[in-house]
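Heads up, target-v9.pdb below (PDB, C-alpha atoms):
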```pdb
ATOM      1  CA  MET A   1     -33.612   5.868 108.805  1.00  0.00           C
ATOM      2  CA  LYS A   2     -33.042   8.255 105.916  1.00  0.00           C
ATOM      3  CA  ASN A   3     -33.719   6.770 102.525  1.00  0.00           C
ATOM      4  CA  ILE A   4     -30.423   7.076 100.678  1.00  0.00           C
ATOM      5  CA  LEU A   5     -30.931   3.807  98.845  1.00  0.00           C
ATOM      6  CA  TRP A   6     -32.598   5.531  95.894  1.00  0.00           C
ATOM      7  CA  TYR A   7     -29.349   7.367  95.066  1.00  0.00           C
ATOM      8  CA  LEU A   8     -28.025   4.021  93.781  1.00  0.00           C
ATOM      9  CA  GLY A   9     -30.446   4.552  90.882  1.00  0.00           C
ATOM     10  CA  PHE A  10     -28.041   7.143  89.482  1.00  0.00           C
ATOM     11  CA  LEU A  11     -25.571   4.320  88.794  1.00  0.00           C
ATOM     12  CA  SER A  12     -27.889   3.362  85.917  1.00  0.00           C
ATOM     13  CA  LEU A  13     -26.510   6.418  84.080  1.00  0.00           C
ATOM     14  CA  LEU A  14     -23.264   4.454  83.651  1.00  0.00           C
ATOM     15  CA  SER A  15     -25.120   2.363  81.072  1.00  0.00           C
ATOM     16  CA  LEU A  16     -24.740   5.386  78.755  1.00  0.00           C
ATOM     17  CA  LEU A  17     -21.080   4.355  78.411  1.00  0.00           C
ATOM     18  CA  TYR A  18     -22.385   1.643  76.096  1.00  0.00           C
ATOM     19  CA  PHE A  19     -22.852   4.273  73.381  1.00  0.00           C
ATOM     20  CA  GLN A  20     -19.189   5.221  73.655  1.00  0.00           C
ATOM     21  CA  ASN A  21     -17.569   1.765  74.029  1.00  0.00           C
ATOM     22  CA  LYS A  22     -20.241  -0.492  72.454  1.00  0.00           C
ATOM     23  CA  ASP A  23     -19.542  -2.915  75.318  1.00  0.00           C
ATOM     24  CA  PRO A  24     -22.882  -4.566  76.235  1.00  0.00           C
ATOM     25  CA  GLY A  25     -21.569  -5.141  79.766  1.00  0.00           C
ATOM     26  CA  PHE A  26     -22.337  -1.496  80.536  1.00  0.00           C
ATOM     27  CA  LEU A  27     -26.035  -2.140  79.874  1.00  0.00           C
ATOM     28  CA  LEU A  28     -26.089  -4.199  83.093  1.00  0.00           C
ATOM     29  CA  PHE A  29     -25.920  -0.900  84.972  1.00  0.00           C
ATOM     30  CA  LEU A  30     -29.526  -0.345  83.835  1.00  0.00           C
ATOM     31  CA  SER A  31     -30.557  -2.766  86.589  1.00  0.00           C
ATOM     32  CA  PHE A  32     -29.756  -0.018  89.123  1.00  0.00           C
ATOM     33  CA  ILE A  33     -32.707   1.974  87.759  1.00  0.00           C
ATOM     34  CA  LEU A  34     -34.985  -0.092  90.039  1.00  0.00           C
ATOM     35  CA  PHE A  35     -33.525   1.711  93.064  1.00  0.00           C
ATOM     36  CA  PHE A  36     -35.317   4.904  91.955  1.00  0.00           C
ATOM     37  CA  PHE A  37     -38.612   3.218  92.860  1.00  0.00           C
ATOM     38  CA  THR A  38     -37.575   3.060  96.506  1.00  0.00           C
ATOM     39  CA  TYR A  39     -37.910   6.873  96.543  1.00  0.00           C
ATOM     40  CA  LEU A  40     -41.664   6.553  96.057  1.00  0.00           C
ATOM     41  CA  ALA A  41     -42.104   3.645  98.467  1.00  0.00           C
ATOM     42  CA  LYS A  42     -44.344   4.275 101.455  1.00  0.00           C
ATOM     43  CA  LYS A  43     -42.253   3.541 104.484  1.00  0.00           C
ATOM     44  CA  ASP A  44     -43.128   2.351 107.919  1.00  0.00           C
ATOM     45  CA  GLU A  45     -41.107   0.935 110.801  1.00  0.00           C
ATOM     46  CA  ARG A  46     -41.425  -2.664 109.565  1.00  0.00           C
ATOM     47  CA  ILE A  47     -40.151  -1.827 106.063  1.00  0.00           C
ATOM     48  CA  ASP A  48     -37.335   0.230 107.573  1.00  0.00           C
ATOM     49  CA  MET A  49     -36.338  -2.768 109.678  1.00  0.00           C
ATOM     50  CA  ASN A  50     -36.502  -5.131 106.703  1.00  0.00           C
ATOM     51  CA  ILE A  51     -34.396  -2.789 104.533  1.00  0.00           C
ATOM     52  CA  GLY A  52     -31.871  -2.570 107.386  1.00  0.00           C
ATOM     53  CA  ARG A  53     -31.702  -6.376 107.687  1.00  0.00           C
ATOM     54  CA  ALA A  54     -31.438  -6.910 103.927  1.00  0.00           C
ATOM     55  CA  THR A  55     -28.647  -4.362 103.468  1.00  0.00           C
ATOM     56  CA  ARG A  56     -26.855  -5.685 106.569  1.00  0.00           C
ATOM     57  CA  ASN A  57     -26.859  -9.163 104.955  1.00  0.00           C
ATOM     58  CA  SER A  58     -25.487  -7.672 101.711  1.00  0.00           C
ATOM     59  CA  PHE A  59     -22.786  -5.812 103.621  1.00  0.00           C
ATOM     60  CA  LEU A  60     -21.669  -9.027 105.349  1.00  0.00           C
ATOM     61  CA  TYR A  61     -21.713 -10.821 101.974  1.00  0.00           C
ATOM     62  CA  ILE A  62     -19.478  -8.126 100.460  1.00  0.00           C
ATOM     63  CA  ILE A  63     -16.951  -8.280 103.302  1.00  0.00           C
ATOM     64  CA  ILE A  64     -16.796 -12.089 103.399  1.00  0.00           C
ATOM     65  CA  THR A  65     -16.694 -12.681  99.617  1.00  0.00           C
ATOM     66  CA  SER A  66     -14.159  -9.892  99.036  1.00  0.00           C
ATOM     67  CA  ALA A  67     -11.846 -11.358 101.671  1.00  0.00           C
ATOM     68  CA  ILE A  68     -12.236 -14.863 100.177  1.00  0.00           C
ATOM     69  CA  ALA A  69     -11.735 -13.523  96.611  1.00  0.00           C
ATOM     70  CA  ILE A  70      -8.534 -11.641  97.518  1.00  0.00           C
ATOM     71  CA  THR A  71      -7.140 -14.697  99.309  1.00  0.00           C
ATOM     72  CA  TYR A  72      -8.144 -17.153  96.569  1.00  0.00           C
ATOM     73  CA  VAL A  73      -6.848 -15.100  93.634  1.00  0.00           C
ATOM     74  CA  ASN A  74      -3.546 -14.423  95.389  1.00  0.00           C
ATOM     75  CA  LEU A  75      -3.130 -18.128  96.122  1.00  0.00           C
ATOM     76  CA  LYS A  76      -3.928 -19.028  92.494  1.00  0.00           C
ATOM     77  CA  GLN A  77      -1.711 -16.184  91.211  1.00  0.00           C
ATOM     78  CA  ASP A  78      -4.183 -15.622  88.351  1.00  0.00           C
ATOM     79  CA  MET A  79      -5.077 -11.939  88.268  1.00  0.00           C
ATOM     80  CA  THR A  80      -7.610 -12.391  85.459  1.00  0.00           C
ATOM     81  CA  LEU A  81      -9.920 -14.012  88.026  1.00  0.00           C
ATOM     82  CA  TYR A  82     -10.391 -10.619  89.684  1.00  0.00           C
ATOM     83  CA  GLN A  83     -12.902  -9.349  87.157  1.00  0.00           C
ATOM     84  CA  TRP A  84     -15.110 -12.401  87.805  1.00  0.00           C
ATOM     85  CA  ALA A  85     -14.647 -12.133  91.545  1.00  0.00           C
ATOM     86  CA  PHE A  86     -15.554  -8.444  91.420  1.00  0.00           C
ATOM     87  CA  ALA A  87     -18.671  -9.132  89.343  1.00  0.00           C
ATOM     88  CA  CYS A  88     -19.694 -11.888  91.802  1.00  0.00           C
ATOM     89  CA  VAL A  89     -19.240  -9.554  94.771  1.00  0.00           C
ATOM     90  CA  VAL A  90     -21.260  -6.634  93.344  1.00  0.00           C
ATOM     91  CA  ALA A  91     -23.978  -8.606  91.524  1.00  0.00           C
ATOM     92  CA  GLY A  92     -24.252 -11.074  94.409  1.00  0.00           C
ATOM     93  CA  SER A  93     -24.643  -8.317  96.984  1.00  0.00           C
ATOM     94  CA  LEU A  94     -27.507  -6.753  95.028  1.00  0.00           C
ATOM     95  CA  MET A  95     -29.191 -10.146  94.718  1.00  0.00           C
ATOM     96  CA  ILE A  96     -28.745 -10.863  98.423  1.00  0.00           C
ATOM     97  CA  CYS A  97     -30.248  -7.452  99.217  1.00  0.00           C
ATOM     98  CA  VAL A  98     -33.354  -7.971  97.074  1.00  0.00           C
ATOM     99  CA  LEU A  99     -33.889 -11.633  98.046  1.00  0.00           C
ATOM    100  CA  SER A 100     -33.386 -10.922 101.761  1.00  0.00           C
ATOM    101  CA  PHE A 101     -35.883  -8.071 101.629  1.00  0.00           C
ATOM    102  CA  LEU A 102     -38.460 -10.248  99.847  1.00  0.00           C
ATOM    103  CA  TYR A 103     -37.867 -13.053 102.377  1.00  0.00           C
ATOM    104  CA  TYR A 104     -38.303 -10.823 105.431  1.00  0.00           C
ATOM    105  CA  ASP A 105     -41.268  -9.024 103.840  1.00  0.00           C
ATOM    106  CA  ASN A 106     -43.116 -12.192 102.858  1.00  0.00           C
ATOM    107  CA  THR A 107     -42.429 -14.292 105.940  1.00  0.00           C
ATOM    108  CA  GLY A 108     -42.836 -11.436 108.397  1.00  0.00           C
ATOM    109  CA  LYS A 109     -39.774 -12.650 110.315  1.00  0.00           C
TER     110      LYS A 109
ATOM    111  CA  MET B   1     -27.445 -20.070 120.840  1.00  0.00           C
ATOM    112  CA  LYS B   2     -28.184 -17.437 118.144  1.00  0.00           C
ATOM    113  CA  ASP B   3     -25.901 -14.971 119.934  1.00  0.00           C
ATOM    114  CA  LYS B   4     -23.096 -17.521 120.085  1.00  0.00           C
ATOM    115  CA  VAL B   5     -23.474 -18.175 116.331  1.00  0.00           C
ATOM    116  CA  GLY B   6     -23.202 -14.420 115.722  1.00  0.00           C
ATOM    117  CA  ILE B   7     -19.985 -14.251 117.764  1.00  0.00           C
ATOM    118  CA  ILE B   8     -18.532 -17.277 115.938  1.00  0.00           C
ATOM    119  CA  ILE B   9     -19.370 -15.668 112.542  1.00  0.00           C
ATOM    120  CA  GLY B  10     -17.746 -12.439 113.743  1.00  0.00           C
ATOM    121  CA  LEU B  11     -14.611 -14.365 114.756  1.00  0.00           C
ATOM    122  CA  ILE B  12     -14.491 -16.133 111.371  1.00  0.00           C
ATOM    123  CA  VAL B  13     -14.798 -12.779 109.525  1.00  0.00           C
ATOM    124  CA  THR B  14     -12.023 -11.302 111.697  1.00  0.00           C
ATOM    125  CA  ILE B  15      -9.750 -14.280 110.974  1.00  0.00           C
ATOM    126  CA  LEU B  16     -10.530 -14.030 107.220  1.00  0.00           C
ATOM    127  CA  VAL B  17      -9.644 -10.333 107.190  1.00  0.00           C
ATOM    128  CA  LEU B  18      -6.383 -11.001 109.062  1.00  0.00           C
ATOM    129  CA  LEU B  19      -5.564 -13.866 106.690  1.00  0.00           C
ATOM    130  CA  THR B  20      -6.207 -11.591 103.688  1.00  0.00           C
ATOM    131  CA  LEU B  21      -3.939  -8.974 105.225  1.00  0.00           C
ATOM    132  CA  VAL B  22      -1.121 -11.471 105.781  1.00  0.00           C
ATOM    133  CA  ILE B  23      -1.379 -12.841 102.216  1.00  0.00           C
ATOM    134  CA  TRP B  24      -1.481  -9.321 100.791  1.00  0.00           C
ATOM    135  CA  MET B  25       1.620  -8.362 102.781  1.00  0.00           C
ATOM    136  CA  MET B  26       3.452 -11.519 101.707  1.00  0.00           C
ATOM    137  CA  ASN B  27       2.825 -10.646  98.040  1.00  0.00           C
ATOM    138  CA  LEU B  28       4.343  -7.196  98.343  1.00  0.00           C
ATOM    139  CA  ALA B  29       7.988  -6.736  97.463  1.00  0.00           C
ATOM    140  CA  THR B  30       8.302  -3.349  99.188  1.00  0.00           C
ATOM    141  CA  LEU B  31       6.035  -1.438 101.527  1.00  0.00           C
ATOM    142  CA  THR B  32       4.954   1.992 100.277  1.00  0.00           C
ATOM    143  CA  PHE B  33       3.426   4.772 102.350  1.00  0.00           C
ATOM    144  CA  SER B  34      -0.074   4.123 100.980  1.00  0.00           C
ATOM    145  CA  GLU B  35       0.204   0.416 101.836  1.00  0.00           C
ATOM    146  CA  ILE B  36       1.308   1.175 105.378  1.00  0.00           C
ATOM    147  CA  GLY B  37      -1.736   3.487 105.637  1.00  0.00           C
ATOM    148  CA  SER B  38      -4.015   0.723 104.355  1.00  0.00           C
ATOM    149  CA  PHE B  39      -2.589  -1.751 106.876  1.00  0.00           C
ATOM    150  CA  ALA B  40      -3.103   0.737 109.672  1.00  0.00           C
ATOM    151  CA  ILE B  41      -6.758   1.225 108.670  1.00  0.00           C
ATOM    152  CA  ILE B  42      -7.346  -2.536 108.514  1.00  0.00           C
ATOM    153  CA  ILE B  43      -5.718  -3.054 111.922  1.00  0.00           C
ATOM    154  CA  ILE B  44      -8.002  -0.342 113.372  1.00  0.00           C
ATOM    155  CA  LEU B  45     -11.043  -2.035 111.800  1.00  0.00           C
ATOM    156  CA  VAL B  46     -10.075  -5.458 113.117  1.00  0.00           C
ATOM    157  CA  THR B  47      -9.384  -4.059 116.586  1.00  0.00           C
ATOM    158  CA  THR B  48     -12.758  -2.299 116.688  1.00  0.00           C
ATOM    159  CA  ALA B  49     -14.594  -5.389 115.422  1.00  0.00           C
ATOM    160  CA  SER B  50     -12.774  -7.506 118.017  1.00  0.00           C
ATOM    161  CA  TYR B  51     -13.879  -5.066 120.742  1.00  0.00           C
ATOM    162  CA  VAL B  52     -17.535  -5.381 119.644  1.00  0.00           C
ATOM    163  CA  ILE B  53     -17.257  -9.205 119.639  1.00  0.00           C
ATOM    164  CA  TRP B  54     -15.545  -9.199 123.047  1.00  0.00           C
ATOM    165  CA  ASP B  55     -18.263  -6.907 124.458  1.00  0.00           C
ATOM    166  CA  ARG B  56     -20.995  -9.261 123.272  1.00  0.00           C
ATOM    167  CA  ALA B  57     -19.181 -12.349 124.559  1.00  0.00           C
ATOM    168  CA  LYS B  58     -18.847 -10.628 127.946  1.00  0.00           C
ATOM    169  CA  ASN B  59     -22.616  -9.998 128.072  1.00  0.00           C
ATOM    170  CA  ILE B  60     -23.336 -13.656 127.282  1.00  0.00           C
ATOM    171  CA  ARG B  61     -20.971 -14.853 130.023  1.00  0.00           C
ATOM    172  CA  LYS B  62     -22.857 -12.686 132.527  1.00  0.00           C
ATOM    173  CA  GLY B  63     -26.147 -14.224 131.399  1.00  0.00           C
ATOM    174  CA  PHE B  64     -27.416 -11.107 129.576  1.00  0.00           C
ATOM    175  CA  PRO B  65     -28.483 -11.021 125.934  1.00  0.00           C
ATOM    176  CA  ALA B  66     -25.491 -10.281 123.644  1.00  0.00           C
ATOM    177  CA  LYS B  67     -27.140  -7.091 122.407  1.00  0.00           C
ATOM    178  CA  ASP B  68     -30.328  -5.231 123.208  1.00  0.00           C
ATOM    179  CA  GLU B  69     -33.016  -3.860 120.864  1.00  0.00           C
ATOM    180  CA  ARG B  70     -31.192  -0.561 120.413  1.00  0.00           C
ATOM    181  CA  LEU B  71     -27.910  -2.222 119.405  1.00  0.00           C
ATOM    182  CA  ILE B  72     -29.779  -4.499 116.989  1.00  0.00           C
ATOM    183  CA  ASN B  73     -31.329  -1.450 115.264  1.00  0.00           C
ATOM    184  CA  ILE B  74     -27.932   0.268 115.224  1.00  0.00           C
ATOM    185  CA  SER B  75     -26.292  -2.753 113.556  1.00  0.00           C
ATOM    186  CA  TYR B  76     -29.025  -2.786 110.866  1.00  0.00           C
ATOM    187  CA  LYS B  77     -28.539   0.915 110.177  1.00  0.00           C
ATOM    188  CA  ALA B  78     -24.748   0.664 110.152  1.00  0.00           C
ATOM    189  CA  GLY B  79     -25.042  -2.287 107.732  1.00  0.00           C
ATOM    190  CA  TYR B  80     -27.325  -0.177 105.532  1.00  0.00           C
ATOM    191  CA  TYR B  81     -24.745   2.614 105.298  1.00  0.00           C
ATOM    192  CA  GLY B  82     -21.890   0.106 104.918  1.00  0.00           C
ATOM    193  CA  PHE B  83     -23.662  -1.565 101.996  1.00  0.00           C
ATOM    194  CA  ILE B  84     -24.260   1.746 100.199  1.00  0.00           C
ATOM    195  CA  ALA B  85     -20.626   2.774 100.763  1.00  0.00           C
ATOM    196  CA  ALA B  86     -19.478  -0.597  99.360  1.00  0.00           C
ATOM    197  CA  ILE B  87     -21.480  -0.176  96.145  1.00  0.00           C
ATOM    198  CA  TRP B  88     -20.340   3.425  95.584  1.00  0.00           C
ATOM    199  CA  SER B  89     -16.702   2.629  96.361  1.00  0.00           C
ATOM    200  CA  ALA B  90     -16.811  -0.414  94.051  1.00  0.00           C
ATOM    201  CA  VAL B  91     -18.020   1.710  91.147  1.00  0.00           C
ATOM    202  CA  PHE B  92     -16.219   5.012  91.700  1.00  0.00           C
ATOM    203  CA  GLY B  93     -13.286   4.138  94.004  1.00  0.00           C
ATOM    204  CA  GLN B  94     -10.913   3.482  91.133  1.00  0.00           C
ATOM    205  CA  VAL B  95     -11.927   6.673  89.307  1.00  0.00           C
ATOM    206  CA  ILE B  96     -11.511   8.848  92.412  1.00  0.00           C
ATOM    207  CA  ILE B  97      -8.075   7.366  93.246  1.00  0.00           C
ATOM    208  CA  ASP B  98      -7.053   7.931  89.623  1.00  0.00           C
ATOM    209  CA  ILE B  99      -8.152  11.586  89.726  1.00  0.00           C
ATOM    210  CA  LEU B 100      -6.724  12.368  93.185  1.00  0.00           C
ATOM    211  CA  PHE B 101      -3.443  10.435  93.055  1.00  0.00           C
ATOM    212  CA  ASP B 102      -3.018   9.787  89.318  1.00  0.00           C
ATOM    213  CA  TYR B 103      -2.673   6.101  90.153  1.00  0.00           C
ATOM    214  CA  GLU B 104      -4.527   3.200  88.555  1.00  0.00           C
ATOM    215  CA  LEU B 105      -5.608   0.611  91.127  1.00  0.00           C
ATOM    216  CA  GLU B 106      -5.086  -3.092  90.411  1.00  0.00           C
ATOM    217  CA  GLY B 107      -7.946  -5.550  90.805  1.00  0.00           C
ATOM    218  CA  SER B 108      -6.836  -6.740  94.224  1.00  0.00           C
ATOM    219  CA  ARG B 109      -6.616  -3.175  95.507  1.00  0.00           C
ATOM    220  CA  VAL B 110     -10.104  -2.290  94.256  1.00  0.00           C
ATOM    221  CA  ALA B 111     -11.458  -5.260  96.229  1.00  0.00           C
ATOM    222  CA  ALA B 112      -9.408  -4.183  99.248  1.00  0.00           C
ATOM    223  CA  LEU B 113     -10.673  -0.611  98.860  1.00  0.00           C
ATOM    224  CA  VAL B 114     -14.289  -1.819  98.929  1.00  0.00           C
ATOM    225  CA  VAL B 115     -13.658  -3.796 102.125  1.00  0.00           C
ATOM    226  CA  ILE B 116     -11.825  -0.907 103.783  1.00  0.00           C
ATOM    227  CA  VAL B 117     -14.297   1.854 102.816  1.00  0.00           C
ATOM    228  CA  SER B 118     -17.413  -0.127 103.693  1.00  0.00           C
ATOM    229  CA  GLY B 119     -15.783  -1.406 106.888  1.00  0.00           C
ATOM    230  CA  ILE B 120     -14.855   2.118 107.983  1.00  0.00           C
ATOM    231  CA  VAL B 121     -18.358   3.426 107.225  1.00  0.00           C
ATOM    232  CA  PHE B 122     -19.937   0.510 109.149  1.00  0.00           C
ATOM    233  CA  ILE B 123     -17.716   0.882 112.201  1.00  0.00           C
ATOM    234  CA  ALA B 124     -17.904   4.708 112.234  1.00  0.00           C
ATOM    235  CA  THR B 125     -21.708   4.692 111.936  1.00  0.00           C
ATOM    236  CA  TYR B 126     -22.058   1.922 114.529  1.00  0.00           C
ATOM    237  CA  LEU B 127     -19.836   3.655 117.074  1.00  0.00           C
ATOM    238  CA  TYR B 128     -21.371   7.089 116.395  1.00  0.00           C
ATOM    239  CA  MET B 129     -24.924   5.855 116.933  1.00  0.00           C
ATOM    240  CA  ALA B 130     -23.949   3.637 119.885  1.00  0.00           C
ATOM    241  CA  VAL B 131     -22.132   6.462 121.687  1.00  0.00           C
ATOM    242  CA  LYS B 132     -24.377   9.386 120.759  1.00  0.00           C
ATOM    243  CA  GLY B 133     -27.594   7.391 120.669  1.00  0.00           C
ATOM    244  CA  LYS B 134     -28.650   9.390 117.639  1.00  0.00           C
ATOM    245  CA  ASN B 135     -31.043   8.158 114.990  1.00  0.00           C
ATOM    246  CA  VAL B 136     -29.185   8.870 111.743  1.00  0.00           C
TER     247      VAL B 136
END
```

As structure tokens:
Amino acid sequence: MKNILWYLGFLSLLSLLYFQNKDPGFLLFLSFILFFFTYLAKKDERIDMNIGRATRNSFLYIIITSAIAITYVNLKQDMTLYQWAFACVVAGSLMICVLSFLYYDNTGK
Amino acid sequence: MKDKVGIIIGLIVTILVLLTLVIWMMNLATLTFSEIGSFAIIIILVTTASYVIWDRAKNIRKGFPAKDERLINISYKAGYYGFIAAIWSAVFGQVIIDILFDYELEGSRVAALVVIVSGIVFIATYLYMAVKGKNV
């Protein structure tokens, strides 16, 4: 499996928008910088498998939570909830990815 | 048992996507060309996902495992590419649509775009690797 995960590190450059807008929310993009470290990671078949499982879990999380968020916000008719739903989907997927990887890596399952 | 749980989860996801589609359609006053295109893409995604679920259910009924080692690896890899597509489309989808079509997406459509783009990438990668047997 080609390592294209490290490209997500470039999203950390979006934190530079903080200097234009002075919105501290943009600084959260700095968390993507950790993906650059995956470029240097020594890879073997087990790690490949664990990365595949972790990202698969994140993908399923994104699909399920996005579908629930769209349904819920439309039922509530409150469009301001979208920004929170969107943050939950993106931030949650990154957390699921990291936690799943750590779980599979530590337990050897 | 694990295979049956996987099929049930797949069915729940399919129903959720269809429910989202129905609610989205009910909230639209008029159907534009881009919305018809989006519906068509979602219907294709749901049909393909249903085919994969049906295929696995058929294997279980015959007493075989729902998926073999190769299909398991393919689903991991397709999930990997789907996840990366979801993140990129979440961040840049709105900007690209704005540049290409001079149209600012609403919140609901950004969420829909993420589901559609990542779903298409997942299904396309899954089918490509399953049919060609290539290690992308």

Find the residues of chain A that sit at most 8 Å from chain B; for each, write down the nearest two atoms and how far apart they are in Å, to one decimal. Count only C-alpha atoms. Sort by chain, then by number going up, and give it as a tab-separated table.
```
residue	atom	partner	partner_atom	distance
A:Met1	CA	B:Val136	CA	6.1
A:Lys2	CA	B:Val136	CA	7.0
A:Leu5	CA	B:Ile84	CA	7.1
A:Leu8	CA	B:Ile84	CA	7.8
A:Met49	CA	B:Tyr76	CA	7.4
A:Ile51	CA	B:Tyr80	CA	7.6
A:Gly52	CA	B:Tyr76	CA	4.5
A:Arg53	CA	B:Tyr76	CA	5.5
A:Thr55	CA	B:Tyr80	CA	4.8
A:Arg56	CA	B:Gly79	CA	4.0
A:Asn57	CA	B:Gly79	CA	7.6
A:Ser58	CA	B:Phe83	CA	6.4
A:Phe59	CA	B:Phe83	CA	4.6
A:Leu60	CA	B:Gly79	CA	7.9
A:Ile62	CA	B:Val115	CA	7.4
A:Ile63	CA	B:Val115	CA	5.7
A:Ile64	CA	B:Val13	CA	6.5
A:Ser66	CA	B:Ala111	CA	6.1
A:Ala67	CA	B:Thr20	CA	6.0
A:Ile68	CA	B:Leu16	CA	7.3
A:Ile70	CA	B:Ser108	CA	6.1
A:Thr71	CA	B:Thr20	CA	5.4
A:Asn74	CA	B:Ile23	CA	7.3
A:Met79	CA	B:Gly107	CA	7.4
A:Tyr82	CA	B:Gly107	CA	5.7
A:Gln83	CA	B:Gly107	CA	7.2
A:Phe86	CA	B:Ala111	CA	7.1
A:Val90	CA	B:Ile87	CA	7.0
```

task = Name the residues that the PyMOL selection byres ((chain A and resi 101-109) around 6) pulls out of this structure, and write them as an MDAnalysis selection string.
result = chainID A and resid 50 54 98:100

Long-range neighbours of Thr65 (chain A) as a PDB file with C-alpha atoms, in the frame of the given file, 9 Å cut-off, only C-alpha atoms, 4 positions minimum in chain:
```pdb
ATOM      1  CA  LEU A  60     -21.669  -9.027 105.349  1.00  0.00           C
ATOM      2  CA  TYR A  61     -21.713 -10.821 101.974  1.00  0.00           C
ATOM      3  CA  ALA A  69     -11.735 -13.523  96.611  1.00  0.00           C
ATOM      4  CA  ILE A  70      -8.534 -11.641  97.518  1.00  0.00           C
ATOM      5  CA  ALA A  85     -14.647 -12.133  91.545  1.00  0.00           C
ATOM      6  CA  CYS A  88     -19.694 -11.888  91.802  1.00  0.00           C
ATOM      7  CA  VAL A  89     -19.240  -9.554  94.771  1.00  0.00           C
TER       8      VAL A  89
END
```

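Put simply, CA of Arg56 (chain B) is 14.2 Å away from CA of Tyr126 (chain B).
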
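Put simply, CA of Gly6 (chain B) is 28.5 Å away from CA of Lys43 (chain A).
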
Practice task
Can you turn the PyMOL selection byres ((chain A and resi 13) around 10) into a concrete residue list for this file, as a PyMOL selection string?
Solution key: chain A and resi 9-12+14-17+26-27+29-30+32-33

Output C-alpha atoms for every residue in the selection just made, as a tab-separated table (two decimals), keeping the file's coordinate frame.
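Listed below is the output, result_1.tsv:
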```
chain	number	residue	atom	x	y	z
A	9	GLY	CA	-30.45	4.55	90.88
A	10	PHE	CA	-28.04	7.14	89.48
A	11	LEU	CA	-25.57	4.32	88.79
A	12	SER	CA	-27.89	3.36	85.92
A	14	LEU	CA	-23.26	4.45	83.65
A	15	SER	CA	-25.12	2.36	81.07
A	16	LEU	CA	-24.74	5.39	78.76
A	17	LEU	CA	-21.08	4.36	78.41
A	26	PHE	CA	-22.34	-1.50	80.54
A	27	LEU	CA	-26.04	-2.14	79.87
A	29	PHE	CA	-25.92	-0.90	84.97
A	30	LEU	CA	-29.53	-0.34	83.84
A	32	PHE	CA	-29.76	-0.02	89.12
A	33	ILE	CA	-32.71	1.97	87.76
```

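Note that CA of Ile36 (chain B) and CA of Ile120 (chain B) are 16.4 Å apart.
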
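Using all atoms listed in the file, the shortest contact distance between Tyr51 (chain B) and any of B:Val5, B:Ile97, B:Val131, B:Leu11 is found at B:Leu11.
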
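With all atoms listed in the file as the atoms that count, the minimum distance from Ile7 (chain B) to the choices B:Ile44, B:Ile99, B:Ala57, B:Met129 is reached by B:Ala57.
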
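Taking only C-alpha atoms, the non-local environment of Tyr39 (chain A) within 9 Å (same-chain residues fewer than 6 positions away omitted) comprises Asn3, Ile4, Leu5, Trp6 and Tyr7 of chain A.
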